[in-house]
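What follows is the content of target14.tsv (TSV, C-alpha atoms).
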chain	number	residue	atom	x	y	z
A	1	PRO	CA	36.20	-33.68	-69.84
A	2	GLU	CA	33.74	-32.18	-67.39
A	3	ILE	CA	33.88	-33.31	-63.78
A	4	LYS	CA	30.46	-34.18	-62.45
A	5	THR	CA	29.33	-33.33	-58.96
A	6	ALA	CA	27.84	-35.94	-56.65
A	7	THR	CA	25.00	-35.21	-54.22
A	8	PRO	CA	24.51	-38.07	-51.77
A	9	LYS	CA	22.26	-37.67	-48.77
A	10	PRO	CA	23.68	-35.01	-46.42
A	11	THR	CA	25.17	-36.09	-43.11
A	12	PHE	CA	23.79	-32.97	-41.43
A	13	LYS	CA	20.25	-31.75	-40.83
A	14	ILE	CA	18.64	-29.53	-43.48
A	15	GLY	CA	15.30	-27.70	-43.73
A	16	SER	CA	12.01	-29.57	-43.91
A	17	LYS	CA	10.79	-30.96	-47.22
A	18	PHE	CA	7.76	-28.67	-47.12
A	19	SER	CA	9.91	-25.57	-46.74
A	20	ARG	CA	12.29	-26.63	-49.51
A	21	THR	CA	9.40	-27.46	-51.87
A	22	LEU	CA	7.69	-24.15	-51.17
A	23	GLN	CA	10.87	-22.19	-51.90
A	24	THR	CA	11.40	-24.16	-55.11
A	25	VAL	CA	7.85	-23.57	-56.37
A	26	THR	CA	7.95	-19.86	-55.58
A	27	GLY	CA	11.29	-19.41	-57.39
A	28	ILE	CA	13.25	-18.47	-54.28
A	29	ASN	CA	15.69	-21.34	-54.81
A	30	PHE	CA	16.42	-20.29	-58.38
A	31	VAL	CA	17.26	-16.74	-57.33
A	32	THR	CA	19.28	-18.07	-54.40
A	33	GLU	CA	21.43	-20.27	-56.65
A	34	VAL	CA	22.05	-17.45	-59.13
A	35	VAL	CA	23.11	-15.03	-56.41
A	36	ALA	CA	25.27	-17.63	-54.63
A	37	SER	CA	26.97	-18.57	-57.90
A	38	GLN	CA	27.79	-14.95	-58.71
A	39	VAL	CA	29.16	-14.26	-55.23
A	40	ALA	CA	31.33	-17.42	-55.38
A	41	LYS	CA	32.48	-16.49	-58.89
A	42	ALA	CA	33.71	-13.09	-57.71
A	43	ALA	CA	35.53	-14.65	-54.76
A	44	VAL	CA	37.30	-17.23	-56.95
A	45	ARG	CA	38.29	-14.65	-59.57
A	46	LYS	CA	39.82	-12.49	-56.85
A	47	LYS	CA	41.98	-15.42	-55.74
A	48	THR	CA	43.04	-16.90	-59.08
A	49	GLY	CA	42.26	-14.45	-61.87
A	50	GLY	CA	41.38	-15.81	-65.32
A	51	LYS	CA	37.96	-16.69	-66.70
A	52	VAL	CA	35.78	-18.20	-63.98
A	53	LYS	CA	32.61	-20.28	-64.09
A	54	VAL	CA	30.88	-21.30	-60.84
A	55	LYS	CA	27.67	-23.22	-60.31
A	56	VAL	CA	26.19	-23.54	-56.83
A	57	LYS	CA	23.19	-25.77	-56.11
A	58	THR	CA	21.33	-25.12	-52.88
A	59	TYR	CA	18.66	-26.87	-50.82
A	60	SER	CA	16.90	-23.63	-49.91
A	61	LEU	CA	17.58	-20.03	-48.92
A	62	THR	CA	17.36	-20.86	-45.22
A	63	ASP	CA	19.87	-23.68	-45.61
A	64	LEU	CA	22.23	-21.40	-47.56
A	65	ILE	CA	22.08	-18.85	-44.76
A	66	ALA	CA	23.05	-21.69	-42.38
A	67	GLY	CA	26.01	-22.51	-44.66
A	68	LYS	CA	24.54	-25.70	-46.14
A	69	VAL	CA	24.95	-26.26	-49.90
A	70	LYS	CA	24.02	-29.23	-52.09
A	71	SER	CA	26.98	-29.00	-54.53
A	72	VAL	CA	29.58	-26.67	-56.05
A	73	SER	CA	31.41	-26.87	-59.38
A	74	VAL	CA	34.17	-24.49	-60.53
A	75	GLN	CA	36.02	-24.05	-63.81
A	76	VAL	CA	38.84	-21.53	-64.22
A	77	ASP	CA	40.67	-20.87	-67.51
A	78	ASP	CA	44.20	-19.41	-67.37
A	79	PRO	CA	44.39	-19.07	-63.57
A	80	GLU	CA	47.46	-18.28	-61.52
A	81	MET	CA	47.85	-20.13	-58.25
A	82	LYS	CA	50.79	-19.45	-55.94
A	83	GLY	CA	52.84	-18.08	-58.81
A	84	MET	CA	52.08	-21.04	-61.10
A	85	LYS	CA	50.17	-20.41	-64.30
A	86	LEU	CA	47.82	-23.19	-65.41
A	87	GLY	CA	45.82	-23.78	-68.55
A	88	GLN	CA	42.61	-24.87	-66.89
A	89	VAL	CA	41.45	-26.02	-63.46
A	90	LYS	CA	38.16	-27.79	-62.72
A	91	MET	CA	36.71	-28.66	-59.33
A	92	ALA	CA	33.51	-30.47	-58.33
A	93	SER	CA	32.20	-31.39	-54.89
A	94	GLN	CA	31.43	-35.04	-54.18
A	95	ASN	CA	29.21	-34.55	-51.15
A	96	PRO	CA	27.03	-31.80	-49.64
A	97	ILE	CA	28.90	-28.90	-48.07
A	98	TRP	CA	28.42	-27.27	-44.68
A	99	VAL	CA	30.52	-24.23	-43.86
A	100	ASN	CA	30.78	-21.76	-41.01
A	101	TYR	CA	30.92	-18.16	-42.24
A	102	ARG	CA	32.33	-16.53	-39.12
A	103	ASN	CA	33.68	-17.12	-35.64
A	104	LYS	CA	31.14	-18.20	-33.05
A	105	LYS	CA	31.03	-17.92	-29.30
A	106	ASN	CA	31.68	-21.65	-28.85
A	107	GLY	CA	35.14	-21.32	-30.45
A	108	GLU	CA	34.26	-22.56	-33.96
A	109	ARG	CA	36.43	-21.07	-36.70
A	110	PRO	CA	35.34	-20.03	-40.20
A	111	GLY	CA	35.59	-23.02	-42.53
A	112	PHE	CA	34.04	-26.40	-43.11
A	113	LYS	CA	31.82	-27.93	-40.45
A	114	ALA	CA	31.65	-31.31	-42.19
A	115	PRO	CA	34.30	-33.22	-44.21
A	116	THR	CA	34.14	-32.41	-47.93
A	117	MET	CA	35.72	-34.18	-50.90
A	118	MET	CA	36.51	-32.25	-54.08
A	119	LEU	CA	37.57	-33.76	-57.40
A	120	ILE	CA	40.18	-31.63	-59.18
A	121	SER	CA	41.68	-31.74	-62.67
A	122	ALA	CA	44.28	-29.37	-64.15
A	123	ASN	CA	46.44	-29.01	-67.24
A	124	ILE	CA	49.41	-26.88	-68.24
A	125	ASN	CA	51.31	-26.44	-71.52
A	126	GLN	CA	55.04	-26.06	-72.00
A	127	GLU	CA	54.97	-22.25	-72.24
A	128	GLN	CA	53.02	-21.97	-69.00
A	129	LEU	CA	55.35	-24.45	-67.30
A	130	ALA	CA	58.43	-22.44	-68.35
A	131	GLN	CA	56.78	-19.28	-67.03
A	132	SER	CA	55.90	-20.99	-63.75
A	133	LEU	CA	59.48	-22.14	-63.18
A	134	LYS	CA	60.45	-18.47	-62.92
A	135	SER	CA	58.31	-18.16	-59.80
A	136	PRO	CA	60.33	-18.36	-56.53
A	137	ARG	CA	57.21	-19.67	-54.74
A	138	LEU	CA	57.00	-22.67	-57.07
A	139	THR	CA	60.70	-23.53	-57.07
A	140	ALA	CA	60.75	-23.25	-53.27
A	141	SER	CA	58.05	-25.95	-53.09
A	142	LEU	CA	60.00	-28.41	-55.26
A	143	SER	CA	61.83	-30.70	-52.87
A	144	GLY	CA	64.20	-31.81	-55.65
A	145	LEU	CA	65.73	-28.32	-55.81
A	146	LYS	CA	66.66	-28.32	-52.12
A	147	LEU	CA	70.15	-29.44	-51.14
A	148	ASP	CA	71.43	-30.34	-47.69
A	149	LEU	CA	75.18	-29.84	-47.91
A	150	PRO	CA	77.30	-31.28	-45.04
A	151	GLY	CA	78.70	-28.45	-42.98
A	152	LEU	CA	77.00	-25.77	-45.10
A	153	GLY	CA	73.36	-26.29	-44.20
A	154	GLY	CA	70.44	-26.18	-46.62
A	155	GLU	CA	70.73	-24.64	-50.08
A	156	GLN	CA	67.90	-23.77	-52.49
A	157	LEU	CA	68.56	-24.08	-56.23
A	158	GLU	CA	66.90	-21.81	-58.78
A	159	PRO	CA	66.62	-22.30	-62.57
A	160	LEU	CA	67.30	-19.07	-64.47
A	161	ASN	CA	66.07	-18.47	-68.04
A	162	PRO	CA	64.16	-21.80	-68.13
A	163	LYS	CA	63.03	-23.20	-71.49
A	164	VAL	CA	60.69	-26.18	-71.55
A	165	GLN	CA	59.90	-28.58	-74.36
A	166	ILE	CA	57.42	-31.45	-74.06
A	167	ALA	CA	57.78	-34.23	-76.62
A	168	GLY	CA	55.90	-37.50	-76.20
A	169	ASP	CA	55.97	-38.42	-72.52
A	170	LYS	CA	59.26	-36.62	-71.79
A	171	ILE	CA	60.06	-33.10	-70.68
A	172	THR	CA	63.27	-31.26	-71.57
A	173	LEU	CA	64.37	-28.33	-69.42
A	174	GLU	CA	67.20	-25.99	-70.40
A	175	ALA	CA	68.26	-23.49	-67.76
A	176	VAL	CA	71.14	-21.99	-65.82
A	177	LEU	CA	71.15	-23.54	-62.34
A	178	VAL	CA	72.24	-21.24	-59.49
A	179	THR	CA	71.93	-21.17	-55.73
A	180	LYS	CA	69.19	-18.94	-54.39
A	181	GLY	CA	70.04	-15.29	-54.94
A	182	GLY	CA	73.01	-16.07	-57.17
A	183	THR	CA	73.77	-14.30	-60.44
A	184	ILE	CA	73.54	-15.97	-63.82
A	185	GLU	CA	77.32	-15.68	-64.18
A	186	SER	CA	77.79	-17.94	-61.14
A	187	GLY	CA	75.41	-20.61	-62.47
A	188	VAL	CA	75.90	-23.79	-64.45
A	189	PRO	CA	74.20	-24.24	-67.86
A	190	ILE	CA	72.36	-27.53	-67.87
A	191	LYS	CA	69.90	-29.49	-69.99
A	192	ILE	CA	67.74	-32.13	-68.32
A	193	THR	CA	65.45	-34.59	-70.08
A	194	ALA	CA	63.23	-36.92	-68.06
A	195	ARG	CA	59.92	-38.71	-67.97
A	196	PRO	CA	57.63	-37.64	-65.10
A	197	GLU	CA	55.86	-40.49	-63.38
A	198	LEU	CA	53.31	-40.66	-60.59
A	199	VAL	CA	54.36	-42.99	-57.77
A	200	GLY	CA	51.50	-43.95	-55.49
A	201	ASP	CA	49.16	-41.02	-55.03
A	202	SER	CA	51.47	-38.40	-53.57
A	203	LYS	CA	54.85	-38.36	-55.34
A	204	ILE	CA	55.94	-37.24	-58.80
A	205	VAL	CA	59.38	-38.58	-59.74
A	206	LEU	CA	61.65	-38.22	-62.76
A	207	GLN	CA	62.54	-41.43	-64.60
A	208	ASP	CA	65.09	-42.09	-67.40
A	209	LEU	CA	66.84	-38.85	-66.57
A	210	GLN	CA	69.53	-37.54	-68.93
A	211	VAL	CA	71.80	-34.58	-68.23
A	212	GLU	CA	73.91	-32.50	-70.62
A	213	GLY	CA	76.18	-29.54	-69.93
A	214	PRO	CA	79.56	-28.09	-70.90
A	215	ASP	CA	80.91	-28.55	-67.38
A	216	ILE	CA	79.72	-32.15	-66.94
A	217	VAL	CA	82.56	-34.64	-67.57
A	218	GLU	CA	80.70	-37.94	-67.09
A	219	PRO	CA	77.04	-37.26	-67.94
A	220	GLU	CA	75.81	-40.82	-67.24
A	221	LYS	CA	77.20	-40.88	-63.71
A	222	PHE	CA	75.98	-37.36	-63.10
A	223	ALA	CA	72.51	-38.30	-64.41
A	224	ARG	CA	72.24	-41.14	-61.87
A	225	PHE	CA	73.37	-38.78	-59.14
A	226	ALA	CA	70.92	-36.07	-60.27
A	227	GLN	CA	68.00	-38.52	-60.49
A	228	GLU	CA	68.60	-39.58	-56.90
A	229	LEU	CA	69.04	-35.98	-55.83
A	230	LEU	CA	65.97	-34.55	-57.56
A	231	ASN	CA	63.49	-37.31	-56.65
A	232	PRO	CA	60.84	-36.99	-55.54
A	233	LEU	CA	60.30	-33.80	-57.49
A	234	ILE	CA	57.02	-33.16	-55.65
A	235	ASP	CA	55.70	-34.90	-52.54
A	236	PHE	CA	52.13	-33.81	-51.84
A	237	SER	CA	52.10	-35.55	-48.47
A	238	ARG	CA	54.54	-32.92	-47.21
A	239	LEU	CA	51.93	-30.27	-48.00
A	240	ASP	CA	49.26	-31.87	-45.80
A	241	ARG	CA	47.76	-29.72	-43.09
A	242	ARG	CA	45.32	-30.41	-40.28
A	243	ASP	CA	42.37	-29.15	-42.32
A	244	HIS	CA	43.24	-30.34	-45.86
A	245	ALA	CA	45.15	-32.93	-47.89
A	246	PHE	CA	45.58	-33.56	-51.63
A	247	ARG	CA	46.27	-36.85	-53.42
A	248	MET	CA	46.69	-37.47	-57.15
A	249	ALA	CA	44.79	-40.07	-59.15
A	250	GLY	CA	46.52	-39.69	-62.51
A	251	LEU	CA	49.29	-37.88	-64.42
A	252	ASN	CA	49.54	-37.68	-68.21
A	253	VAL	CA	52.32	-36.07	-70.28
A	254	SER	CA	51.53	-35.80	-73.98
A	255	GLY	CA	50.55	-33.42	-76.76
A	256	GLY	CA	52.85	-30.66	-75.57
A	257	GLY	CA	51.24	-30.45	-72.14
A	258	ILE	CA	50.76	-32.04	-68.73
A	259	ALA	CA	47.40	-33.05	-67.29
A	260	GLY	CA	46.60	-34.41	-63.86
A	261	ASP	CA	43.67	-35.09	-61.59
A	262	GLY	CA	43.18	-35.91	-57.96
A	263	LYS	CA	41.15	-35.50	-54.79
A	264	LEU	CA	41.19	-32.71	-52.24
A	265	LEU	CA	39.91	-33.52	-48.75
A	266	LEU	CA	38.75	-30.60	-46.61
A	267	VAL	CA	37.94	-31.15	-42.94
A	268	PRO	CA	36.77	-28.87	-40.10
A	269	LYS	CA	39.37	-26.88	-38.21
A	270	ALA	CA	39.84	-27.64	-34.55
A	271	PRO	CA	37.80	-25.24	-32.39
A	272	ILE	CA	39.60	-22.60	-30.41
A	273	ALA	CA	39.89	-23.75	-26.80
A	274	PRO	CA	38.15	-21.31	-24.43
A	275	ILE	CA	40.43	-19.47	-22.02
A	276	ALA	CA	39.61	-20.38	-18.42
A	277	PRO	CA	38.79	-17.33	-16.25
A	278	ILE	CA	41.45	-16.36	-13.77
A	279	ALA	CA	40.28	-16.85	-10.19
A	280	PRO	CA	40.51	-13.68	-8.05
A	281	ILE	CA	43.33	-13.61	-5.56
A	282	ALA	CA	42.08	-13.70	-1.96
A	283	PRO	CA	43.29	-10.78	0.21
A	284	ALA	CA	46.06	-11.61	2.61
A	285	ALA	CA	45.09	-12.19	6.24
A	286	PRO	CA	45.99	-9.30	8.61
A	287	VAL	CA	49.20	-9.79	10.57
A	288	THR	CA	48.81	-9.64	14.39
A	289	LEU	CA	51.83	-8.52	16.38
A	290	VAL	CA	52.24	-10.42	19.68
A	291	GLU	CA	54.23	-8.77	22.45
A	292	ALA	CA	57.02	-11.04	23.71
A	293	ALA	CA	56.99	-12.08	27.39
A	294	PRO	CA	59.67	-10.47	29.54
A	295	VAL	CA	62.75	-12.52	30.32
A	296	THR	CA	62.72	-13.56	34.03
A	297	ASN	CA	66.39	-14.50	34.39
A	298	SER	CA	69.14	-12.39	33.02
A	299	GLY	CA	72.61	-13.75	32.39
A	300	ASP	CA	74.05	-12.32	35.66
A	301	GLY	CA	71.17	-13.71	37.69
A	302	GLN	CA	71.72	-17.18	36.35
A	303	ILE	CA	75.43	-17.06	37.21
A	304	ALA	CA	74.64	-15.91	40.75
A	305	GLN	CA	72.08	-18.68	41.21
A	306	THR	CA	74.58	-21.29	39.99
A	307	ASP	CA	77.27	-20.02	42.45
A	308	LYS	CA	74.73	-20.22	45.32
A	309	GLN	CA	73.86	-23.82	44.47
A	310	THR	CA	77.55	-24.76	44.38
A	311	SER	CA	78.13	-23.12	47.80
A	312	ASP	CA	75.21	-25.02	49.37
A	313	LYS	CA	76.58	-28.33	48.10
A	314	GLN	CA	80.02	-27.60	49.60
A	315	THR	CA	78.43	-26.72	53.02
A	316	SER	CA	76.46	-29.95	53.07
A	317	SER	CA	79.57	-31.95	52.19
A	318	GLU	CA	81.58	-30.38	55.04
A	319	GLN	CA	78.83	-31.15	57.58
A	320	GLY	CA	78.82	-34.72	56.43
A	321	ASP	CA	82.59	-35.07	57.04
A	322	LYS	CA	82.23	-33.84	60.61
Show me, as structure tokens, the structure contained in the file I just sent.
Amino acid sequence: PEIKTATPKPTFKIGSKFSRTLQTVTGINFVTEVVASQVAKAAVRKKTGGKVKVKVKTYSLTDLIAGKVKSVSVQVDDPEMKGMKLGQVKMASQNPIWVNYRNKKNGERPGFKAPTMMLISANINQEQLAQSLKSPRLTASLSGLKLDLPGLGGEQLEPLNPKVQIAGDKITLEAVLVTKGGTIESGVPIKITARPELVGDSKIVLQDLQVEGPDIVEPEKFARFAQELLNPLIDFSRLDRRDHAFRMAGLNVSGGGIAGDGKLLLVPKAPIAPIAPIAPIAPAAPVTLVEAAPVTNSGDGQIAQTDKQTSDKQTSSEQGDK
């Protein structure tokens, strides 16, 4: 189903009603929207590939130049995002958009100048999922494939030769599980069947997990251990950044494919703090050399003076005795 855009009243100032009406009547807005849509389409295709449709609605040409847009909707068929192939992705803005195209003198970075909410829906079939599991970028983002072994540090698991089958609400994965960089001969053949489930709005976990393999002696015990080890399979809260966050609203597994939808929040980046100018270093004061006063009494003179005082005291003492 198509995701509809929403256009509430903007939280930022836009051009006057007269100017916007004049540009609409003269056809400037129509041309502006066509050009903006084509430019956005080319940018999205460069990032994701596939068949792209973009529709941009503007207030006016002057507002577009200032980075202010009424709404944006995007649909991409067969895109590839971060090594993961998808069947279809749709996005639609839920409030007016204000972006900064380039760095400014006040430290503002390129990006959003006002918070923006985007609704997103995506689907993937079993062939695309199997192909995506071959991508190191995708497997590296799955927290369930990361092990923390005591004394050995962290280990990343990789599924080799993955085969995926989706039946009902369950997914079956057959693969050879190896540590990152390992050969297929060092891996363990394994077959995992589980039911993906959305917990809250950020975690996808595997329920009713079953494990089969030639090297597994007690599959039930190993399945309980694997379910605890692999969950959560994906935790979107760990992917949050200062300028964006994604939360899911629904997850559906059926008909040989997986479909999900959610909300992407985009917020302005923190401005770059200006560097304070370095104060000039004051020149050092000139050093004035002061000539030392001459010493009046040398060591020999002091000894002679002391002997004279002692002699005078003895003379006075003798006169007193007489």
Would you compute, for all listed atoms of range 180-184 of chain A, the axis-aligned bounding box grown by 3 Å on each side, and then report its centre and edge lengths in Å rounded to one decimal, as JSON?
{"center_x": 71.5, "center_y": -16.6, "center_z": -59.1, "size_x": 10.6, "size_y": 10.6, "size_z": 15.4}
Report summary line: Pairwise distance, CA of Gly111 in chain A with CA of Lys4 in chain A, equals 23.4 Å
Query - Selection near Leu264 in chain A, 9 Å with only C-alpha atoms, sequence-local residues under 2 positions removed, as an MDAnalysis selection string - result: chainID A and resid 116:120 244:248 262 266
Report summary line: A straight line from CA of Met81 in chain A to CA of Thr48 in chain A spans 5.9 Å
**Report entry** A:Thr193, A:Gln128, A:Gln210, A:Ser202 ranked by distance to Gly257 in chain A, top pick (using only C-alpha atoms)
**Finding:** A:Gln128
Requested in this report: Choose the residue, out of A:Ala175, A:Ile258, A:Ala226, A:Ala6, that has the smallest atom-to-atom separation from Asn95 in chain A; count only C-alpha atoms.
Outcome: A:Ala6
Query raised in the report: Just how far from CA of Lys9 in chain A is CA of Ser60 in chain A, in Å to one decimal?
Result: 15.1 Å
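Among the candidates A:Leu86, A:Val74, A:Leu251, A:Ile192, the residue lying nearest to Ile3 in chain A is A:Val74 (atoms considered: only C-alpha atoms).
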Any chance you could tabulate, as a tab-separated table, the residues of range 38-115 of chain A at most 7 Å from range 14-29 of chain A with each one's nearest atom pair and distance in Å to one decimal, using all atoms listed in the file, in chain and rising number order?
residue	atom	partner	partner_atom	distance
A:Tyr59	CA	A:Arg20	CA	6.5
A:Ser60	CA	A:Arg20	CA	5.5
A:Leu61	CA	A:Asn29	CA	6.3
A:Asp63	CA	A:Ile14	CA	6.3
Query raised in the report: With distances taken over only C-alpha atoms, which of A:Pro8, A:Gly168, A:Pro196, A:Gly181 is nearest to Leu230 in chain A?
Result: A:Pro196
Can you spit out range 221-255 of chain A with C-alpha atoms, as a tab-separated table (two decimals), in the first residue's frame, from the structure just given?
chain	number	residue	atom	x	y	z
A	221	LYS	CA	19.16	-28.34	24.49
A	222	PHE	CA	21.25	-26.76	21.77
A	223	ALA	CA	18.15	-24.97	20.40
A	224	ARG	CA	17.48	-23.37	23.80
A	225	PHE	CA	21.12	-22.35	24.02
A	226	ALA	CA	21.09	-20.97	20.45
A	227	GLN	CA	17.86	-19.03	21.01
A	228	GLU	CA	19.38	-17.31	24.02
A	229	LEU	CA	22.61	-16.71	22.12
A	230	LEU	CA	21.08	-15.32	18.93
A	231	ASN	CA	18.47	-13.04	20.52
A	232	PRO	CA	17.95	-10.26	19.88
A	233	LEU	CA	18.77	-10.85	16.23
A	234	ILE	CA	18.54	-7.11	15.52
A	235	ASP	CA	18.38	-4.25	18.02
A	236	PHE	CA	17.69	-0.97	16.24
A	237	SER	CA	18.33	1.05	19.38
A	238	ARG	CA	22.01	0.15	19.09
A	239	LEU	CA	22.05	1.86	15.69
A	240	ASP	CA	20.82	5.19	17.06
A	241	ARG	CA	22.97	8.22	16.41
A	242	ARG	CA	22.80	11.83	17.54
A	243	ASP	CA	21.06	12.91	14.34
A	244	HIS	CA	18.77	9.92	13.59
A	245	ALA	CA	16.90	6.97	15.10
A	246	PHE	CA	14.67	4.24	13.65
A	247	ARG	CA	11.84	2.34	15.34
A	248	MET	CA	9.61	-0.38	13.89
A	249	ALA	CA	5.83	-0.36	13.96
A	250	GLY	CA	5.14	-3.79	12.48
A	251	LEU	CA	6.71	-7.01	11.15
A	252	ASN	CA	4.92	-9.58	8.99
A	253	VAL	CA	6.29	-12.91	7.72
A	254	SER	CA	4.07	-14.62	5.16
A	255	GLY	CA	3.67	-15.44	1.49
